[in-house]
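Q: For reference, the structure I am asking about is given below.
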Amino acid sequence: MDMSMVSAALAMQASSTQMQIATTIQASNARMERDTVQTLLGIGQGAPSLANVGAGVGGNINVTA
């Protein structure tokens, strides 16, 4: 096989791997965004919504008690 063919095949394989990784990361980010919105809206957790609370609410929680 010609070395340019080998080089091209390796480049295509590397590109495919990079695309798979990018797709996985993008899907993970989408799930994180969805979970964040659901947490703020209190969907499915039985907790009240945090969407309308003031800035900084819940930032300083005393977990020693």
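Order determines the names: the first chain of the structure tokens is A, the second B, and so forth; residues in each chain are numbered 1 upward, and ligands are numbered 1 upward as they are shown.
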List every residue of segment 2-57 of chain A that DSSP, applied to the backbone of this structure, places in alpha helix (DSSP H), and write the result as a ChimeraX atom specification.
A: /A:3-41
Q: Go ahead and write the selection's residues with N, CA, C and O atoms as a short mmCIF file (atom, residue, chain, number, x, y, z; two decimals), in the first residue's frame.
A:
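What follows is the written file result.cif:
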```cif
data_model
loop_
_atom_site.label_atom_id
_atom_site.label_comp_id
_atom_site.auth_asym_id
_atom_site.auth_seq_id
_atom_site.Cartn_x
_atom_site.Cartn_y
_atom_site.Cartn_z
N MET A 3 2.06 4.85 1.08
CA MET A 3 2.05 5.50 2.39
C MET A 3 1.02 6.62 2.47
O MET A 3 0.46 6.87 3.53
N SER A 4 0.73 7.26 1.35
CA SER A 4 -0.29 8.31 1.37
C SER A 4 -1.67 7.71 1.62
O SER A 4 -2.51 8.32 2.28
N MET A 5 -1.90 6.50 1.11
CA MET A 5 -3.17 5.81 1.36
C MET A 5 -3.29 5.43 2.83
O MET A 5 -4.35 5.58 3.44
N VAL A 6 -2.20 4.94 3.40
CA VAL A 6 -2.19 4.58 4.81
C VAL A 6 -2.43 5.81 5.67
O VAL A 6 -3.23 5.79 6.61
N SER A 7 -1.76 6.89 5.32
CA SER A 7 -1.91 8.14 6.07
C SER A 7 -3.36 8.65 5.99
O SER A 7 -3.93 9.09 6.99
N ALA A 8 -3.95 8.57 4.82
CA ALA A 8 -5.33 9.02 4.65
C ALA A 8 -6.29 8.14 5.44
O ALA A 8 -7.24 8.64 6.06
N ALA A 9 -6.06 6.84 5.45
CA ALA A 9 -6.92 5.93 6.21
C ALA A 9 -6.83 6.21 7.71
O ALA A 9 -7.84 6.21 8.42
N LEU A 10 -5.62 6.45 8.19
CA LEU A 10 -5.45 6.76 9.61
C LEU A 10 -6.10 8.09 9.98
O LEU A 10 -6.70 8.23 11.05
N ALA A 11 -6.00 9.06 9.10
CA ALA A 11 -6.63 10.36 9.35
C ALA A 11 -8.15 10.22 9.40
O ALA A 11 -8.81 10.84 10.25
N MET A 12 -8.71 9.42 8.52
CA MET A 12 -10.16 9.20 8.52
C MET A 12 -10.60 8.50 9.80
O MET A 12 -11.63 8.83 10.38
N GLN A 13 -9.82 7.54 10.26
CA GLN A 13 -10.16 6.83 11.49
C GLN A 13 -10.09 7.77 12.69
O GLN A 13 -10.97 7.74 13.55
N ALA A 14 -9.06 8.62 12.73
CA ALA A 14 -8.94 9.58 13.83
C ALA A 14 -10.10 10.57 13.81
O ALA A 14 -10.64 10.92 14.86
N SER A 15 -10.49 11.00 12.64
CA SER A 15 -11.61 11.93 12.50
C SER A 15 -12.91 11.30 12.99
O SER A 15 -13.70 11.93 13.68
N SER A 16 -13.10 10.04 12.65
CA SER A 16 -14.30 9.33 13.09
C SER A 16 -14.34 9.23 14.61
O SER A 16 -15.38 9.43 15.24
N THR A 17 -13.20 8.92 15.20
CA THR A 17 -13.13 8.82 16.66
C THR A 17 -13.43 10.16 17.32
O THR A 17 -14.17 10.23 18.31
N GLN A 18 -12.88 11.24 16.76
CA GLN A 18 -13.14 12.57 17.31
C GLN A 18 -14.61 12.93 17.22
O GLN A 18 -15.18 13.53 18.14
N MET A 19 -15.25 12.56 16.12
CA MET A 19 -16.69 12.84 15.98
C MET A 19 -17.51 12.06 16.99
O MET A 19 -18.48 12.57 17.54
N GLN A 20 -17.14 10.81 17.25
CA GLN A 20 -17.85 10.00 18.24
C GLN A 20 -17.71 10.61 19.63
O GLN A 20 -18.68 10.68 20.39
N ILE A 21 -16.51 11.08 19.96
CA ILE A 21 -16.28 11.70 21.27
C ILE A 21 -17.08 13.00 21.37
O ILE A 21 -17.72 13.26 22.40
N ALA A 22 -17.07 13.80 20.32
CA ALA A 22 -17.82 15.06 20.34
C ALA A 22 -19.32 14.81 20.49
O ALA A 22 -20.00 15.53 21.24
N THR A 23 -19.83 13.80 19.83
CA THR A 23 -21.25 13.47 19.94
C THR A 23 -21.59 13.03 21.36
O THR A 23 -22.62 13.43 21.92
N THR A 24 -20.73 12.24 21.96
CA THR A 24 -20.95 11.77 23.34
C THR A 24 -20.95 12.95 24.31
O THR A 24 -21.81 13.05 25.19
N ILE A 25 -20.00 13.86 24.14
CA ILE A 25 -19.92 15.02 25.03
C ILE A 25 -21.14 15.91 24.85
O ILE A 25 -21.71 16.42 25.82
N GLN A 26 -21.55 16.11 23.62
CA GLN A 26 -22.72 16.95 23.35
C GLN A 26 -23.98 16.35 23.97
O GLN A 26 -24.80 17.06 24.54
N ALA A 27 -24.14 15.04 23.87
CA ALA A 27 -25.30 14.38 24.48
C ALA A 27 -25.27 14.51 25.99
O ALA A 27 -26.30 14.74 26.64
N SER A 28 -24.08 14.38 26.57
CA SER A 28 -23.93 14.52 28.02
C SER A 28 -24.29 15.93 28.45
O SER A 28 -24.98 16.12 29.47
N ASN A 29 -23.85 16.93 27.71
CA ASN A 29 -24.17 18.32 28.04
C ASN A 29 -25.67 18.58 27.93
O ASN A 29 -26.23 19.30 28.75
N ALA A 30 -26.31 17.99 26.93
CA ALA A 30 -27.76 18.16 26.78
C ALA A 30 -28.51 17.55 27.96
O ALA A 30 -29.46 18.14 28.47
N ARG A 31 -28.06 16.37 28.40
CA ARG A 31 -28.69 15.74 29.58
C ARG A 31 -28.49 16.60 30.83
O ARG A 31 -29.40 16.75 31.64
N MET A 32 -27.29 17.17 30.98
CA MET A 32 -27.02 18.01 32.13
C MET A 32 -27.91 19.25 32.12
O MET A 32 -28.46 19.64 33.15
N GLU A 33 -28.06 19.87 30.95
CA GLU A 33 -28.92 21.04 30.84
C GLU A 33 -30.37 20.68 31.19
O GLU A 33 -31.05 21.41 31.90
N ARG A 34 -30.84 19.54 30.68
CA ARG A 34 -32.21 19.10 30.97
C ARG A 34 -32.39 18.88 32.46
O ARG A 34 -33.37 19.33 33.05
N ASP A 35 -31.43 18.21 33.09
CA ASP A 35 -31.52 17.94 34.52
C ASP A 35 -31.48 19.22 35.34
O ASP A 35 -32.18 19.34 36.36
N THR A 36 -30.70 20.20 34.89
CA THR A 36 -30.63 21.48 35.59
C THR A 36 -31.97 22.19 35.54
O THR A 36 -32.45 22.70 36.56
N VAL A 37 -32.57 22.22 34.38
CA VAL A 37 -33.89 22.88 34.24
C VAL A 37 -34.93 22.15 35.08
O VAL A 37 -35.73 22.78 35.77
N GLN A 38 -34.90 20.83 35.05
CA GLN A 38 -35.87 20.07 35.84
C GLN A 38 -35.67 20.32 37.33
O GLN A 38 -36.64 20.39 38.08
N THR A 39 -34.43 20.45 37.76
CA THR A 39 -34.16 20.75 39.17
C THR A 39 -34.69 22.12 39.54
O THR A 39 -35.33 22.29 40.58
N LEU A 40 -34.44 23.11 38.69
CA LEU A 40 -34.91 24.46 38.97
C LEU A 40 -36.44 24.54 38.99
O LEU A 40 -37.02 25.28 39.78
N LEU A 41 -37.07 23.77 38.13
CA LEU A 41 -38.53 23.79 38.07
C LEU A 41 -39.16 22.85 39.08
O LEU A 41 -40.37 22.88 39.28
#
```
